[in-house]
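A.B. asks: Below is the structure I would like to discuss, written out as C-alpha cells.
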Amino acid sequence: MIESQLVDLEPYVRTVTTVLIHSLWQGILIGVLAAIALTLLRSSNAQIRYAVSCSAMAAVIVAAAVTAVVVWPDMTVAVQHTSSMNDQPVRREGNLDVSAQTDASKVNDDISPTNHWWSNPSFSRHVFMIWVAGVMLFSVYHLLGWRRARGFVRRGTYPVPPEWQVRFEKLREELRLKKLVTLLRSSLVKVPCVVGWMKPVILVPASMFTLLSPSEIEMILVHELAHVRRYDVLINLMQSAIETMFFFNPAIWWLSRQIRIEREDCCDDMAISKAGSPLSYARALANLEELRMYKTSYGTAISDAPLMHRIQRIVGIPRPRLYSAILSLSGMLLIASFIVVVLGSFSVSSKSALQASENTQSAHIFEPEPGDLRGEWETEMDGDQLKILVYGRESSGMSYVLAPDEVADLMGQETEPFQIVRDAGTLFLDGKLKERRGKVDGSGNWYFRPDTAYMRFMGRYGLRGDDRQKTFSLAIRDISRKYLSKMEEYGYSDLSVDQLISAGVFHISPELVEEYRELGYPDLTFQQLLSMQVQRVTPDDARQFEKLGMGHLAPEQLISARIQGITTEYVESFRKAGFRDLTFKNFGTLHAFNLDASDFEDCYRHRFLDLSQENMVWVCGFGMTREDIEEMKDRGYTDIDSIISVLAKEYGK
C-alpha cells in the first residue's frame, strides 16, 4: 500500500532522491574546503574556527536547497503523471491486482528530465522509504534524549549551598548574562551540563562541591554559563535537526563534530579569561574528568571524549596539520562512494540474489529456510589463521576465525557446500576454498541456522528464543558452553548476553583472567576487565610497571596510564636517568606538564640539587626559580615542602 501511494507522488519522490544523492558529493566538497580552512586557521582563536565550521554546515544545507529548487518537478507535469497513473485500466489475475506497469513506466520516462540511475522509479521509491525510516528513527532518538535530559531536571536535583548560589549570580552578572539561569546539584549527572534554552538549567554533580577546589568550580561554572550566553543549546538543536535530515551524509557528521569541538574551545577560552591561567583551567578539567572516570559506567568511561585535545590546546600543543584533516575527509569520501555504489547496484543485486536463490534450490544442495540469516562471504588470511568474512543485512564485516587445523580439514573436502559448526549454531557456505600460492581463497553465499538447544540454554543469560542475530554474534565469537563454564568457575556467572558478546569482541578469555590472577589481581570485575581490554591494557603492562619499581598498580591506574599515555618506556627513561623515587602520581603530573626525562634531568641539574624528586616535579613543571624560594623564606616560610606547595598554588592561579 505504501509503495502504491508513492507511485502517485513519483515526481516528488524522485526529486527527493536526486537531492539526497547530490548532497553526498556536495557535502564532501564543502567538507574538504572546510578542512583546509580549519587547518590554515589552526592558530586562530576558536571563535573564528567555530564560525567557519558553522558556515560550512550551512553551505551544505543551502546547496541541497538550491538543488531541490533546480530539480523540483513542474506542477502541470506532476498532475499529468498522477492522472495517467490513475486512468490506467486494471485487470484481475487470481487474487492479485495487476496495473498497466509498462504504460506507467513510459509516463515516468517521459517526465524524467534525465536518464540517471537514481531516477529509476523502483529505486527512488526504495531509497525514499529508507530515508523516511532513518529520519523517523533519528527523530525518536533525539526525542528520547530530550526527554531524558528534562528528566534529569525533575528528578534527583536539589539546590546548591547558599554561598555558591551567591557566587553563581555574581559570575552571571560578570558575564553580562541577563537571562535567568538556574543552578542545581544532581545525583544523576556525572559532568556539568546545560538543559533547556528558554529557561536554562545548569546541572552539576553533587560531589563536585566537595571534590574540587573553589577556584576550579568557578571555572567550570563560567564554562557552562558561556554555553548559555552563546545560545549553544539552541544551535545544538538545529544541528540535531540537520543530522536527522542528512543522517546518511558523513560530511554532516564530521562538520557537526568540528562544530562541537570548536564550541567547547570557545567556552574554554571564556573560562580561561576568568581564571587568568590556562594551566589552572587544564588542571580543573583533568580533575573533573578523574571524577567522571571513577563514577561513570562502561559506556561513558571508555568513550573517546575530546578532553585530551582540549587540554593540549589549552597548554599550547599545536593542532594537527593539513594531512590529518584531509585523511579524515578522505575517509568520508570513501564512505560516501560506498553508499552511492551500493545504492546504484541495489536493483541489480536484488535481481542477482533472486536468481542465485532459484539456482541453489533447484540443485538441492544449499537450502536456507525462512528466518535464516544470510548473505555473502569471502576469505582473508591473517598469518596462519583464516578469516571467513560474512556480509549481509544482519552482519557487516564480522568474521569466523579458523585455526590452521580447521582450515586443513576444510581443504580436504571436495564437495560443496561446507559448514562451520559452533556451539551456538552452524554456518552453511555455498562455495569452495582453494589454495593459491600458499594462501587460501574463496567466496560465495552463506546462511546461519542457530542451535535450538543452545538458545534454550542461553535463556538463563537473557537470550530471547527468537533472537537469531545475537545467537549469530555468539557463534562468531565462539561463546560455547565450555567457555561459559570456565568463566563461571572464575566468578563471572551473572553476565548478560550483551556482555558475553563484548567479551568475545575484546578477547576476554578464561586464560586472560588466570594470567591476571597470577599477577595478583584475583577479584577483577567484568567491567574492569572490559575497560582494560578496550584501552588495550595487557598483563605485561602490569608486569613491566612493577619491574620498574612502580609497585602493584590498581586496575584503574593501569587504565589511567594507558589513557594519559604513560608508557613503560616513559617510566624507564626516568629510571635510567637516576630518578627512582618518582611515584605513579608524579609521572601523571610530569606527563601533564609535557616533561620528558631529559627536560627533568636538565631542570634538576641547573636548579635545586638539594630538593626531593617529588618537589622537583612541581619546580620543573611550574618553572620555579631559586629567587622564588628565597623570597618565600624572607616572608617567613622555613619548611621547603610548604614553600613548594604555596608557590604551586600561586603559579596555578
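Chain labels A, B, ... are given in the sequence in which chains occur in the C-alpha cells; within each chain residues are numbered consecutively from 1, and ligands are likewise numbered from 1 in the order shown.
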Can you list, as a PDB file with C-alpha atoms, in the first residue's frame, every protein, DNA or RNA residue that comes within 9 Å of Arg283 (chain A) when you count only C-alpha atoms, leaving out same-chain residues fewer than 3 positions away?
C.D. replies:
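Done, and the output landed in part.pdb:
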```
ATOM      1  CA  GLU A 216      38.143  25.081  39.903  1.00  0.00           C
ATOM      2  CA  PRO A 278      45.455  28.192  31.204  1.00  0.00           C
ATOM      3  CA  LEU A 279      47.304  25.664  33.352  1.00  0.00           C
ATOM      4  CA  SER A 280      44.857  26.100  36.234  1.00  0.00           C
ATOM      5  CA  ALA A 286      41.643  16.911  34.397  1.00  0.00           C
ATOM      6  CA  ASN A 287      40.249  16.746  37.938  1.00  0.00           C
ATOM      7  CA  LEU A 288      36.700  16.838  36.612  1.00  0.00           C
ATOM      8  CA  ILE A 311      43.822  20.210  27.397  1.00  0.00           C
ATOM      9  CA  ALA A 592      50.611  16.665  32.143  1.00  0.00           C
ATOM     10  CA  GLY A 652      48.347  27.906  39.333  1.00  0.00           C
TER      11      GLY A 652
END
```
A.B. asks: Tell me, in Å to one decimal, how far CA of Cys620 (chain A) is from CA of Cys603 (chain A).
C.D. replies: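 Taking CA of Cys620 (chain A) as the start and CA of Cys603 (chain A) as the end point, the length is 6.0 Å.
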A.B. asks: Residues within 7 Å of region 240-248 of chain A, please, as a PyMOL selection string. Count only C-alpha atoms; anything in the same chain fewer than 4 positions from it doesn't count.
C.D. replies: chain A and resi 135+138-139+236+252-253
A.B. asks: Need to verify the contact set: region 255-267 of chain A, 7 Å, only C-alpha atoms, exclusion of same-chain residues closer than 3 positions in sequence. Can you return it as a list in words?
C.D. replies: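 Final neighbour list, sorted by chain and number: Gly31, Ala46, Gln47, Arg49, Tyr50, Ser53, Cys54, Met57, His223, Ala226, His227, Gln239, Ala251, Ile252, Met270, Ala271 and Arg310 of chain A.
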A.B. asks: Write out the residues from the selection above, keeping C-alpha atoms, as a compact mmCIF listing (two decimals), in the first residue's frame.
C.D. replies:
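Ended up saving to result_14.txt:
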```
# COMPACT_ATOMS: atom_id res chain seq x y z
CA GLY A 31 33.91 19.40 3.93
CA ALA A 46 38.30 29.32 18.50
CA GLN A 47 35.53 31.77 17.60
CA ARG A 49 37.12 28.34 13.57
CA TYR A 50 33.64 27.92 15.03
CA SER A 53 32.56 25.20 10.77
CA CYS A 54 29.02 26.56 11.14
CA MET A 57 27.39 23.14 7.50
CA HIS A 223 32.29 27.41 31.04
CA ALA A 226 29.31 30.63 28.40
CA HIS A 227 27.17 27.98 26.70
CA GLN A 239 22.47 20.64 14.50
CA ALA A 251 30.29 15.14 5.81
CA ILE A 252 27.44 16.40 8.01
CA MET A 270 35.96 32.33 28.30
CA ALA A 271 36.71 30.21 31.36
CA ARG A 310 41.07 20.42 24.80
```
A.B. asks: As a VMD selection string, please: the residues near Asp478 (chain A) (cut-off 8 Å, only C-alpha atoms, same-chain neighbours under 5 positions excluded).
C.D. replies: chain A and resid 422 to 424 504
A.B. asks: A:Asp523, A:Glu367, A:Glu650, A:Glu514: which is nearest Asn445 (chain A), counting only C-alpha atoms?
C.D. replies: A:Glu367
A.B. asks: Per DSSP on the backbone, what are the helix (DSSP H, G or I) residues of region 379-572 of chain A, as an MDAnalysis selection string?
C.D. replies: chainID A and resid 404:411 452:461 468:476 481:489 497:505 510:518 526:534 539:547 555:564 568:572
A.B. asks: For Leu433 (chain A), which residue among A:Arg449, A:His591, A:Lys387, A:Arg148 is the nearest when counting only C-alpha atoms?
C.D. replies: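 Of all the options, A:Lys387 lies closest to Leu433 (chain A).
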A.B. asks: Compare A:Arg14, A:Arg562, A:Lys585, A:Lys432 by their minimum atom-to-atom distance to Ser531 (chain A), counting only C-alpha atoms, and give me the closest one.
C.D. replies: A:Arg562
A.B. asks: Could you check the closest approach to Ala64 (chain A) for each of A:Val52, A:Leu24, A:Val390, A:Ala37 and tell me which residue wins, using only C-alpha atoms?
C.D. replies: A:Leu24
A.B. asks: Tell me which protein, DNA and RNA residues are within 10 Å of Val160 (chain A), counting only C-alpha atoms, leaving out same-chain ones fewer than 4 positions away, and put them as a ChimeraX atom specification.
C.D. replies: /A:164-166,168,183-186,203-204,206,209
A.B. asks: Store the residues of this selection in a file with C-alpha atoms, as a PDB file, in the first residue's frame.
C.D. replies:
```
ATOM      1  CA  TRP A 164      27.636  29.077  45.968  1.00  0.00           C
ATOM      2  CA  GLN A 165      24.311  30.452  44.776  1.00  0.00           C
ATOM      3  CA  VAL A 166      25.602  33.934  45.602  1.00  0.00           C
ATOM      4  CA  PHE A 168      26.982  31.890  40.802  1.00  0.00           C
ATOM      5  CA  LEU A 183      21.924  26.171  39.162  1.00  0.00           C
ATOM      6  CA  LEU A 184      21.106  22.780  40.697  1.00  0.00           C
ATOM      7  CA  ARG A 185      23.028  19.858  42.122  1.00  0.00           C
ATOM      8  CA  SER A 186      22.145  16.471  40.663  1.00  0.00           C
ATOM      9  CA  LEU A 203      23.179  20.720  36.448  1.00  0.00           C
ATOM     10  CA  VAL A 204      26.383  19.818  38.270  1.00  0.00           C
ATOM     11  CA  ALA A 206      26.589  16.637  43.696  1.00  0.00           C
ATOM     12  CA  PHE A 209      31.422  20.882  45.517  1.00  0.00           C
TER      13      PHE A 209
END
```
A.B. asks: Using only C-alpha atoms, which residues sit within 9 Å of Leu386 (chain A) once same-chain residues fewer than 4 positions away are excluded, as a PyMOL selection string?
C.D. replies: chain A and resi 379-382+400-404+407+440
